[in-house]
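Read through the structure below, which is laid out as structure tokens, and then see the notes.
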Amino acid sequence: MPALSASDRIRIAEKHGDLLRAPILKRFGVVIGAAACVLYTLYCWWFFSIGSVLQRADWSIAGAYLADWVSYESRPDIRFRGNHLDVKFPRFDPFGEFPEVDWLTAEKSLITPDALEEKSGGGAASSAGSFMAPGAPSGSSAGARSSADSFMAPSAPSSSNAGAMAGAEIVESTPRELVTKVNAAIGDASFVIVPGRVELVRGATRIVFSVDETNGVITDRPLPDWIEQKAPGAIARVYLGIPGRVEIDDDEVSVRHRFLGWENFIFDTDSPFWGKSVGEVAGLVFGGERLDPKRSNLALAWSNILNNAEWQHGDVWLKLLQTIVMAFVGTLLASLVAFPLSLLAARNITSNRPLNWLMKRFFDFQRSVDMLIWALFFTRAFGPGPLAGMSAIFFTDTGTLGKLFSESLENIDDKQREGVRAVGASPALVQRFGVTPQVLPVFLSQTLYFWESNTRSATIIGAVGAGGIGLKLWEAMRTNQDWENVFYMVILILIVVFVFDAISNSLRQRLIRPQGSA
């Protein structure tokens, strides 16, 4: 057929232009779609006030949260006590209650203490708990303190007589060795703290803070932008970046020193193996004298790891195992129940329309409510624990798998069924040899996928009381402090999900691989 000339194409276009012209959606579909996406984005930006949210956001808090995932803080307080200082670490400090650290050192002098006020219930403020105090306990003797160990005189108020001497002023006349100077090194900054005075040196910047209860915190010069003081005499907050911060108040200096890593991950401060090197621990475990006469050092070390008070490895691993069992048992039961029910729901298997409709509506009822809602329901029914989680997974997945199975059955090739029926097989054998071989690989593949998915879902439903590591994760997040513990559990969950994903993918590929392929 000869090609059309230019004049022929023009004549045809003029006569049948509406047939040759592409629809407007086809010509401008890309532009219209892009414009719709832009308009929808602008609408969402306005509806959710994203601009104002970003403007009000405190990104320093987000940075602190992220830092808490991979670091920890030591939080000693240096309190002003007249002519001397009281240095105290928190009870659960990563370095212990009475540590010896190179970044915080104290100098003592033989002085007569100023008049002290002992208030009722003021044990937390008492220097009897100071790790720098004379006779301060260390190691296993930390719990055996008495009033004689205090830097105050034996007649000073203690836990046994604080109530009787509440509000009384004690005048100490005997000179004692007390802390009069503290040197602290936080990152690239150094602090020299003496009664009533704090000297800060950072690079070429040197600032002196005069501290007293009357005037508060007074500086000798304008403050740089990394020191915050909202009003003269108010608390001065020194921000030092990743190493931490220092807060200077009229009665104390609070240090927040940050260190990279996870503190006491293997042994906590109560373990006899804490603070020892790998070689020292190995020597004690395999050749040292027994630290506990009732068991070997190896058993003691393993017990200390499992019962680590800060990381609770044993409890976390047990909860992770509960999550795995919840996902496996719930998915297994759901697949076993969904298979026979799907036979009743498939119209080509069970020729009973009311029964088909009833079973499909039952599947809709089960899967229309999210697994999290069912977990809340079963938690109220059975109480918190793995049983509620398994029930939620079982109930939800029975509906979802039942629907998938019934749709797969309705799409099988009837020729195989007809061939089995033609040799005189019974209805049960027709389903066994004519239907099951076609759908079994698909059923197993779908079940494996749901098993993998439910491993993740079990973590979420655990947070509402259905047991497993999800509940443990939620408890750690509620404290708003143990974010390194949260990260630890997140890593464990990721490892389990990756492993199960690899196993599930491998098994599915073997099941759906065409016969005869390598």
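In the structure tokens, chains take the letters A, B, ... in the order shown, each chain's residues start at 1, and ligands count up from 1 in the order shown.
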What's the 12 Å shell around A:Ser453, counting only C-alpha atoms, without same-chain residues fewer than 4 positions away, as a PyMOL selection string?
chain A and resi 324+327-328+330-331+393+397+446-449+457-460+496-498+500-501+504-505
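Here atom CA of A:Ser74 stands at a distance of 6.2 Å from atom CA of A:Pro94.
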Test item: residues at most 12 Å from A:Glu475, only C-alpha atoms, excluding those fewer than 2 positions along its chain, as a PyMOL selection string
chain A and resi 316+462-465+467-473+477-483+485-486+489
What lies within 12 Å of A:Asp292 using only C-alpha atoms, ignoring chain neighbours under 6 positions off, as a PyMOL selection string?
chain A and resi 271-272+284-285+298-301+303
Return as number ranges by chain the full set of residues in stretch 182-229 of chain A whose backbone-based DSSP assignment is strand (DSSP E).
A: 182-186, 189-194, 197-202, 205-212, 216-219, 227-228
Residue list (alpha helix (DSSP H), DSSP) for stretch 344-501 of chain A, as an MDAnalysis selection string
chainID A and resid 344:345 353:368 371:382 386:410 414:422 427:430 436:461 469:478 483:501
